[in-house]
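In what follows, a structure is listed as structure tokens, so that the remarks can point back to it.
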Amino acid sequence: MNEKAIDHWIKDNVAYLYPIGDIHLGDKSFTAKSMAKLKGYIKWIQNSRNSRVILMGDIFNVATRASKTSPFQQLSLKDEMKLALQLFKPIKNKILGVIDGNHENRAVDYMDYSPLIHFCDVLGLRYLQYSGVFKLGVGVNRCAGSSRTDQAKIIYIVYAHHTTGGGTTKGGRINRVAKLSEIFTNADIYLGAHNHDLITTPNEGWAVDRRTGNVKRFRQYFVDCGGYLDWNGSYAEQKMFPPLKIGSPKIRLDGKVKDVKVSL
């Protein structure tokens with residue numbers, strides 16, 4: 001986890017955050033349908049000035065002779081890398097950070113080097129290893145000509161982790177994301193990946209405002225960030241996992257009042 005939050009300001013009345021992960025480039029279940037869906041997101045993000053991205057891991061499949069997926073049923077890691085660089089180069093300036101997934105950790109286990117390190121070096125991105133903390137400011141500066149440039153920002157704290165486990169039920173999967181709040185306690189949004197499902201649920205409670213002493217209500221959002229593998233003939237079908245919607249969540253961050261909306 002980064003010791004200092006990645007501080008980024010989107011100078012607009014609204015911003016959109018896309019956590020994209022579990023692409024598994026090169027896997028035989030990353031089909032033409034999967035590619036079309038991913039390219040659709042990338043095109044939208046490229047043409048949207050107020051959209052930003054966090055890459056959530058398992059960008060690469062990294063199949064080995066010892067892995068559950070056979071290296072003979074997919075692209076080589078070299079070709080996966082070439083494809084990933086081509087896909088994400090057009091939006092490299094909108095990617096806030098990149099975290100490892102368990103598939104990149106296959107390479108770490110074998111040779112102590114994640115392919116995402118090279119990916120980030122080539123595109124000039126922040127490689128965050130296991131998890132990332134982000135401080136996102138959203139809002140238009142209403143104090144033109146003044147030194148008070150921060151007045152209009154609405155601040156959102158985001159904690160992102162690939163996560164582990166999750167089980168076969170939706171409750172089990174979103175519970176893995178909710179457990180992130182035991183690691184990092186005061187985020188507005190918790191992002192998890194790994195289990196390929198698209199789920200969100202809010203969590204509400206009370207807290208004391210340390211500045212004013214007032215007791216006020218707070219809301220946090222747990223978001224499971226989807227994936228891009230088709231179901232037919234896949235590992236999911238083999239292991240009796242249900243088919244899941246392909247894609248990533250779109251998270252709307254309001255720049256006038258603190259408000260989060262998650263579209264799946």
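Within each chain, counting starts at residue 1; across the structure tokens, chains are named A, B, ... in the order shown, with ligands numbered 1 upward in that order.
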- prompt: Near Ile154 in chain A, within 7 Å and counting only C-alpha atoms, which residues show up once chain neighbours fewer than 4 positions away are dropped, as a list in words?
  reply: Gly137, Val138, Gly139, Gly255, Lys256, Val257 and Lys258 of chain A
* Asked: Quick one: residues within 9 Å of Val262 in chain A, only C-alpha atoms counted, chain neighbours fewer than 4 positions away excluded, as an MDAnalysis selection string?
  -> chainID A and resid 200 221 223 249:252
Print the selection's residues with C-alpha atoms to a file, as a compact mmCIF listing (two decimals), in the first residue's frame.
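Result written to out05.txt:
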```txt
# COMPACT_ATOMS: atom_id res chain seq x y z
CA THR A 200 -22.20 -3.04 -5.09
CA TYR A 221 -19.53 1.86 -0.91
CA VAL A 223 -17.79 -2.41 -5.22
CA PRO A 249 -18.51 -0.66 -13.03
CA LYS A 250 -18.88 3.04 -13.73
CA ILE A 251 -18.66 5.15 -10.56
CA ARG A 252 -20.04 8.68 -10.73
```
What's around Cys120 in chain A at 12 Å? Count only C-alpha atoms, leave out sequence neighbours fewer than 3 positions away in its own chain, and write the answer as a CSV table (one decimal) with C-alpha atoms, in the first residue's frame.
```csv
chain,number,residue,atom,x,y,z
A,55,LEU,CA,-6.4,-1.1,-13.2
A,59,ILE,CA,-4.7,-7.8,-16.8
A,81,MET,CA,2.1,-7.6,-23.2
A,84,ALA,CA,-2.1,-4.7,-23.4
A,85,LEU,CA,0.2,-1.8,-24.4
A,88,PHE,CA,-4.2,1.1,-22.9
A,89,LYS,CA,-1.7,3.5,-24.5
A,92,LYS,CA,-2.5,6.1,-20.3
A,93,ASN,CA,-2.9,9.7,-19.0
A,95,ILE,CA,-4.9,5.7,-15.4
A,96,LEU,CA,-4.3,6.7,-11.8
A,97,GLY,CA,-2.6,3.5,-10.7
A,98,VAL,CA,-2.1,-0.2,-11.3
A,99,ILE,CA,-2.3,-3.1,-8.8
A,100,ASP,CA,-1.2,-6.7,-9.2
A,114,SER,CA,5.5,-8.8,-12.2
A,115,PRO,CA,4.7,-8.2,-15.9
A,116,LEU,CA,2.8,-5.1,-14.7
A,117,ILE,CA,6.1,-3.5,-13.7
A,123,LEU,CA,3.4,3.7,-20.3
A,124,GLY,CA,4.7,5.8,-17.4
A,125,LEU,CA,2.1,4.6,-14.9
A,126,ARG,CA,2.2,4.1,-11.1
A,127,TYR,CA,2.8,0.5,-10.1
A,128,LEU,CA,1.3,0.0,-6.7
A,129,GLN,CA,1.8,-3.8,-6.2
```
Just want the 6 Å neighbourhood of Phe134 in chain A, counted on only C-alpha atoms, with same-chain residues fewer than 2 positions away dropped. Output as a PDB file with N, CA and C atoms, in the first residue's frame.
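Saved result, out-v9.pdb, follows:
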```pdb
ATOM      1  N   ALA A   5      -1.373   8.885  -0.106  1.00  0.00           N
ATOM      2  CA  ALA A   5      -2.448   8.715  -1.078  1.00  0.00           C
ATOM      3  C   ALA A   5      -2.109   9.414  -2.389  1.00  0.00           C
ATOM      4  N   ILE A   6      -2.477   8.789  -3.485  1.00  0.00           N
ATOM      5  CA  ILE A   6      -2.345   9.430  -4.792  1.00  0.00           C
ATOM      6  C   ILE A   6      -3.394  10.531  -4.880  1.00  0.00           C
ATOM      7  N   ILE A 157     -12.173   9.404  -0.924  1.00  0.00           N
ATOM      8  CA  ILE A 157     -11.061   8.500  -0.633  1.00  0.00           C
ATOM      9  C   ILE A 157     -11.423   7.107  -1.146  1.00  0.00           C
ATOM     10  N   VAL A 158     -10.519   6.523  -1.920  1.00  0.00           N
ATOM     11  CA  VAL A 158     -10.747   5.214  -2.541  1.00  0.00           C
ATOM     12  C   VAL A 158      -9.629   4.260  -2.128  1.00  0.00           C
TER      13      VAL A 158
END
```
* Tell me, which residues of range 178-213 of chain A carry DSSP strand (DSSP E or B), written as an MDAnalysis selection string? -> chainID A and resid 189:192 198:208
